[in-house]
>>> print(open('start_31.json').read())   # JSON, C-alpha atoms
[["chain", "number", "residue", "atom", "x", "y", "z"],
["A", 1, "MET", "CA", -31.63, -23.70, -49.21],
["A", 2, "ASN", "CA", -28.30, -22.40, -48.01],
["A", 3, "GLY", "CA", -25.33, -24.44, -49.22],
["A", 4, "GLN", "CA", -22.96, -23.25, -46.52],
["A", 5, "GLY", "CA", -22.03, -25.96, -44.05],
["A", 6, "VAL", "CA", -23.55, -28.87, -45.95],
["A", 7, "TRP", "CA", -20.21, -30.65, -46.18],
["A", 8, "GLY", "CA", -19.46, -30.18, -42.47],
["A", 9, "ARG", "CA", -22.85, -31.45, -41.37],
["A", 10, "GLY", "CA", -22.57, -34.38, -43.78],
["A", 11, "VAL", "CA", -19.15, -35.32, -42.44],
["A", 12, "ARG", "CA", -20.46, -35.15, -38.86],
["A", 13, "VAL", "CA", -23.23, -37.60, -39.73],
["A", 14, "GLY", "CA", -20.76, -39.77, -41.66],
["A", 15, "LEU", "CA", -18.43, -39.89, -38.66],
["A", 16, "LEU", "CA", -21.37, -40.86, -36.46],
["A", 17, "MET", "CA", -22.34, -43.62, -38.89],
["A", 18, "ALA", "CA", -18.80, -45.02, -39.07],
["A", 19, "CYS", "CA", -17.57, -44.53, -35.53],
["A", 20, "VAL", "CA", -20.54, -45.92, -33.62],
["A", 21, "PRO", "CA", -19.98, -49.48, -34.91],
["A", 22, "GLY", "CA", -16.19, -49.22, -35.39],
["A", 23, "LEU", "CA", -14.79, -47.49, -32.32],
["A", 24, "PRO", "CA", -15.99, -50.03, -29.72],
["A", 25, "TRP", "CA", -13.94, -52.69, -31.51],
["A", 26, "ALA", "CA", -10.94, -50.35, -31.57],
["A", 27, "ALA", "CA", -11.31, -49.67, -27.85],
["A", 28, "LEU", "CA", -11.57, -53.38, -27.13],
["A", 29, "ALA", "CA", -8.44, -54.15, -29.18],
["A", 30, "LEU", "CA", -6.47, -51.41, -27.42],
["A", 31, "ALA", "CA", -7.70, -52.57, -24.00],
["A", 32, "VAL", "CA", -6.60, -56.13, -24.75],
["A", 33, "ALA", "CA", -3.21, -54.79, -25.88],
["A", 34, "ALA", "CA", -2.85, -52.83, -22.65],
["A", 35, "VAL", "CA", -3.65, -55.93, -20.60],
["A", 36, "GLU", "CA", -1.10, -57.94, -22.56],
["A", 37, "PHE", "CA", 1.58, -55.28, -22.04],
["A", 38, "LEU", "CA", 0.83, -54.89, -18.32],
["A", 39, "ARG", "CA", 0.57, -58.62, -17.71],
["A", 40, "GLY", "CA", 3.93, -59.19, -19.32],
["A", 41, "GLY", "CA", 2.60, -61.73, -21.77],
["A", 42, "ASP", "CA", 3.32, -62.12, -25.44],
["A", 43, "THR", "CA", 4.41, -58.73, -26.74],
["A", 44, "ARG", "CA", 3.83, -59.80, -30.34],
["A", 45, "LEU", "CA", 0.16, -60.40, -29.52],
["A", 46, "ALA", "CA", -0.06, -57.01, -27.83],
["A", 47, "ALA", "CA", 1.57, -55.30, -30.81],
["A", 48, "HIS", "CA", -0.87, -57.11, -33.09],
["A", 49, "ASP", "CA", -3.79, -55.77, -31.01],
["A", 50, "VAL", "CA", -2.37, -52.24, -31.12],
["A", 51, "ARG", "CA", -2.24, -52.56, -34.91],
["A", 52, "TYR", "CA", -5.87, -53.72, -34.94],
["A", 53, "GLY", "CA", -6.92, -50.80, -32.76],
["A", 54, "GLY", "CA", -5.04, -48.28, -34.86],
["A", 55, "LEU", "CA", -6.44, -49.63, -38.11],
["A", 56, "LEU", "CA", -9.96, -49.62, -36.70],
["A", 57, "LEU", "CA", -9.61, -46.11, -35.32],
["A", 58, "GLY", "CA", -8.00, -44.55, -38.38],
["A", 59, "GLY", "CA", -10.04, -46.58, -40.84],
["A", 60, "SER", "CA", -13.33, -45.69, -39.17],
["A", 61, "VAL", "CA", -12.51, -41.99, -39.18],
["A", 62, "LEU", "CA", -11.43, -42.14, -42.83],
["A", 63, "ALA", "CA", -14.54, -44.13, -43.78],
["A", 64, "GLY", "CA", -16.69, -41.64, -41.86],
["A", 65, "VAL", "CA", -15.27, -38.68, -43.74],
["A", 66, "LEU", "CA", -15.74, -40.49, -47.05],
["A", 67, "MET", "CA", -19.29, -41.55, -46.16],
["A", 68, "GLY", "CA", -20.19, -38.05, -44.97],
["A", 69, "THR", "CA", -18.78, -36.43, -48.09],
["A", 70, "LEU", "CA", -20.76, -38.72, -50.38],
["A", 71, "LEU", "CA", -23.88, -38.29, -48.25],
["A", 72, "ALA", "CA", -23.59, -34.49, -48.27],
["A", 73, "GLY", "CA", -22.89, -34.35, -52.00],
["A", 74, "GLY", "CA", -25.76, -36.64, -52.89],
["A", 75, "LEU", "CA", -28.19, -34.80, -50.65],
["A", 76, "ALA", "CA", -27.06, -31.40, -51.93],
["A", 77, "LEU", "CA", -27.76, -32.53, -55.49],
["A", 78, "ALA", "CA", -31.08, -34.11, -54.55],
["A", 79, "SER", "CA", -32.21, -31.05, -52.59],
["A", 80, "ARG", "CA", -32.20, -29.00, -55.78],
["A", 81, "VAL", "CA", -34.97, -31.22, -57.15],
["A", 82, "ILE", "CA", -36.74, -32.60, -54.07],
["A", 83, "THR", "CA", -38.75, -30.10, -52.05],
["A", 84, "ARG", "CA", -40.25, -32.30, -49.32],
["A", 85, "THR", "CA", -38.31, -33.50, -46.30],
["A", 86, "GLU", "CA", -39.75, -36.99, -46.72],
["A", 87, "GLY", "CA", -38.15, -37.22, -50.14],
["A", 88, "LEU", "CA", -34.82, -36.08, -48.70],
["A", 89, "ALA", "CA", -35.13, -38.71, -45.98],
["A", 90, "LEU", "CA", -35.65, -41.38, -48.61],
["A", 91, "VAL", "CA", -32.62, -40.21, -50.58],
["A", 92, "GLY", "CA", -30.58, -40.02, -47.37],
["A", 93, "GLY", "CA", -31.59, -43.54, -46.40],
["A", 94, "VAL", "CA", -30.65, -44.94, -49.80],
["A", 95, "LEU", "CA", -27.33, -43.09, -49.72],
["A", 96, "GLY", "CA", -26.75, -44.42, -46.20],
["A", 97, "LEU", "CA", -27.34, -47.94, -47.46],
["A", 98, "LEU", "CA", -24.91, -47.40, -50.31],
["A", 99, "VAL", "CA", -22.03, -45.84, -48.34],
["A", 100, "PHE", "CA", -22.07, -47.94, -45.15],
["A", 101, "PRO", "CA", -20.25, -50.95, -46.66],
["A", 102, "ALA", "CA", -17.09, -48.82, -46.39],
["A", 103, "GLU", "CA", -17.21, -49.30, -42.61],
["A", 104, "VAL", "CA", -17.94, -53.02, -42.93],
["A", 105, "LEU", "CA", -14.88, -53.25, -45.18],
["A", 106, "VAL", "CA", -12.73, -51.34, -42.66],
["A", 107, "VAL", "CA", -13.78, -53.64, -39.82],
["A", 108, "GLY", "CA", -13.19, -56.70, -41.97],
["A", 109, "MET", "CA", -9.71, -55.60, -43.05],
["A", 110, "ALA", "CA", -8.64, -54.39, -39.61],
["A", 111, "THR", "CA", -9.71, -57.56, -37.80],
["A", 112, "ASP", "CA", -8.47, -60.00, -40.43],
["A", 113, "GLY", "CA", -12.01, -61.17, -41.13],
["A", 114, "ALA", "CA", -13.22, -61.81, -37.57],
["A", 115, "TYR", "CA", -16.79, -63.09, -37.78],
["A", 116, "ALA", "CA", -18.13, -61.44, -34.61],
["A", 117, "GLN", "CA", -16.90, -57.96, -35.49],
["A", 118, "ILE", "CA", -17.98, -58.13, -39.13],
["A", 119, "GLY", "CA", -21.35, -59.64, -38.20],
["A", 120, "THR", "CA", -22.10, -57.00, -35.59],
["A", 121, "THR", "CA", -21.08, -54.20, -37.94],
["A", 122, "PHE", "CA", -23.18, -55.75, -40.69],
["A", 123, "LEU", "CA", -26.19, -55.73, -38.35],
["A", 124, "ALA", "CA", -25.67, -52.00, -37.80],
["A", 125, "TRP", "CA", -26.08, -51.36, -41.53],
["A", 126, "PRO", "CA", -29.88, -50.74, -41.57],
["A", 127, "VAL", "CA", -29.69, -48.74, -38.34],
["A", 128, "MET", "CA", -27.10, -46.40, -39.83],
["A", 129, "ALA", "CA", -29.22, -46.01, -42.97],
["A", 130, "VAL", "CA", -32.05, -44.82, -40.72],
["A", 131, "VAL", "CA", -29.62, -42.42, -39.03],
["A", 132, "ALA", "CA", -28.70, -40.98, -42.44],
["A", 133, "ALA", "CA", -32.36, -40.67, -43.36],
["A", 134, "ALA", "CA", -33.25, -38.96, -40.09],
["A", 135, "HIS", "CA", -30.51, -36.35, -40.48],
["A", 136, "SER", "CA", -30.94, -35.62, -44.21],
["A", 137, "ALA", "CA", -33.02, -32.47, -43.91],
["A", 138, "ASP", "CA", -30.58, -31.04, -41.38],
["A", 139, "ILE", "CA", -27.59, -31.85, -43.58],
["A", 140, "VAL", "CA", -28.93, -29.77, -46.47],
["A", 141, "GLY", "CA", -30.14, -27.02, -44.15],
["A", 142, "ARG", "CA", -33.89, -27.43, -44.48],
["A", 143, "THR", "CA", -34.41, -27.87, -40.74],
["A", 144, "ARG", "CA", -32.48, -27.28, -37.54],
["A", 145, "ALA", "CA", -33.96, -30.17, -35.57],
["A", 146, "ARG", "CA", -30.59, -31.74, -34.71],
["A", 147, "THR", "CA", -28.73, -28.99, -32.85],
["A", 148, "TRP", "CA", -25.48, -30.97, -32.61],
["A", 149, "LEU", "CA", -25.05, -30.65, -36.39],
["A", 150, "TRP", "CA", -25.10, -26.88, -36.37],
["A", 151, "VAL", "CA", -22.22, -24.60, -35.45],
["A", 152, "PRO", "CA", -23.04, -22.61, -32.32],
["A", 153, "GLY", "CA", -23.89, -18.99, -32.85],
["A", 154, "PRO", "CA", -26.74, -16.89, -34.10],
["A", 155, "ALA", "CA", -28.92, -18.49, -36.74],
["A", 156, "ARG", "CA", -28.41, -17.00, -40.16],
["A", 157, "ARG", "CA", -31.34, -16.11, -42.31],
["A", 158, "LEU", "CA", -31.95, -18.83, -44.86],
["A", 159, "GLY", "CA", -32.46, -17.66, -48.40],
["A", 160, "ARG", "CA", -30.95, -14.88, -50.47],
["A", 161, "GLY", "CA", -29.53, -12.06, -48.55]]
>>> encode(input="start_31.json", output="structure tokens")
Amino acid sequence: MNGQGVWGRGVRVGLLMACVPGLPWAALALAVAAVEFLRGGDTRLAAHDVRYGGLLLGGSVLAGVLMGTLLAGGLALASRVITRTEGLALVGGVLGLLVFPAEVLVVGMATDGAYAQIGTTFLAWPVMAVVAAAHSADIVGRTRARTWLWVPGPARRLGRG
């Protein structure tokens, strides 16, 4: 196992896990704010929607970095003991289940507890755990199946060198 790049790959997966359910709500809030501004309606409502969009955007990115860091750290520790990719997938899935509530919390705080947004994000929880499990072996560098996780360039030899 080569430890270089584990954090970067973990953060990429964390950003994917956080931004897929969070950014559509941010885009919707910002679109509603734009309509309110252009229509000439209540500017307080438009400013409120801009605040929602900003909190969702920034909060999702921050949650993604946090989730990815915890995912990469946990998988790096587990990869020292676990040799099979199935075991890493199990650890990645459990870690995905444990870190995803950060995004549910961000959506809940940014939307002032809106049921539709929280409910939809909550339903994404098991899907994002599967995403974490599917990318675990790539995060720790055991495989290169997910090319979007790897920095472009020549493949380095894994192992001591």
>>> closest_atom_pairs(input="start_31.json", of="stretch 91-156 of chain A", to="stretch 53-67 of chain A", cutoff="7 Å", atoms="all atoms listed in the file", output="CSV")
residue,atom,partner,partner_atom,distance
A:Val99,CA,A:Met67,CA,5.5
A:Ala102,CA,A:Ala63,CA,5.9
A:Glu103,CA,A:Ala63,CA,5.9
A:Val106,CA,A:Gly59,CA,5.8
A:Val107,CA,A:Leu56,CA,6.4
A:Ala110,CA,A:Leu55,CA,5.5
>>> residues_around(input="start_31.json", residues="A:Val20", least_positions_apart="6", cutoff="10 Å", atoms="only C-alpha atoms", output="list in words")
Ser60, Thr121, Ala124 and Met128 of chain A
>>> residues_around(input="start_31.json", residues="A:Arg9", least_positions_apart="4", cutoff="10 Å", atoms="all atoms listed in the file", output="mmCIF file with C-alpha atoms, in the frame of the given file")
data_model
loop_
_atom_site.group_PDB
_atom_site.id
_atom_site.type_symbol
_atom_site.label_atom_id
_atom_site.label_comp_id
_atom_site.auth_asym_id
_atom_site.auth_seq_id
_atom_site.Cartn_x
_atom_site.Cartn_y
_atom_site.Cartn_z
ATOM 1 C CA GLN A 4 -22.960 -23.250 -46.520
ATOM 2 C CA GLY A 5 -22.030 -25.960 -44.050
ATOM 3 C CA VAL A 13 -23.230 -37.600 -39.730
ATOM 4 C CA GLY A 14 -20.760 -39.770 -41.660
ATOM 5 C CA LEU A 15 -18.430 -39.890 -38.660
ATOM 6 C CA GLY A 68 -20.190 -38.050 -44.970
ATOM 7 C CA THR A 69 -18.780 -36.430 -48.090
ATOM 8 C CA LEU A 71 -23.880 -38.290 -48.250
ATOM 9 C CA ALA A 72 -23.590 -34.490 -48.270
ATOM 10 C CA HIS A 135 -30.510 -36.350 -40.480
ATOM 11 C CA SER A 136 -30.940 -35.620 -44.210
ATOM 12 C CA ASP A 138 -30.580 -31.040 -41.380
ATOM 13 C CA ILE A 139 -27.590 -31.850 -43.580
ATOM 14 C CA VAL A 140 -28.930 -29.770 -46.470
ATOM 15 C CA GLY A 141 -30.140 -27.020 -44.150
ATOM 16 C CA TRP A 148 -25.480 -30.970 -32.610
ATOM 17 C CA LEU A 149 -25.050 -30.650 -36.390
ATOM 18 C CA TRP A 150 -25.100 -26.880 -36.370
ATOM 19 C CA VAL A 151 -22.220 -24.600 -35.450
#
>>> residues_around(input="start_31.json", residues="A:Asp112", least_positions_apart="2", cutoff="12 Å", atoms="only C-alpha atoms", output="MDAnalysis selection string")
chainID A and resid 48:49 51:52 55:56 105:110 114:118
>>> residues_around(input="start_31.json", residues="stretch 77-90 of chain A", least_positions_apart="3", cutoff="6 Å", atoms="all atoms listed in the file", output="number ranges by chain")
A: 74, 93, 133, 136-137
>>> atom_distance(input="start_31.json", atom1="atom CA of A:Trp125", atom2="atom CA of A:Trp7")
22.0 Å
>>> atom_distance(input="start_31.json", atom1="atom CA of A:Pro126", atom2="atom CA of A:Leu97")
7.0 Å
>>> residues_around(input="start_31.json", residues="A:Ala34", least_positions_apart="5", cutoff="10 Å", atoms="all atoms listed in the file", output="PyMOL selection string")
chain A and resi 28-29+39-40+46-47+49-50
>>> atom_distance(input="start_31.json", atom1="atom CA of A:Pro21", atom2="atom CA of A:Gly113")
15.5 Å
>>> closest_residue(input="start_31.json", among="A:Ala134, A:Ala18, A:Leu30, A:Ala76", to="A:Phe100", atoms="all atoms listed in the file")
A:Ala18
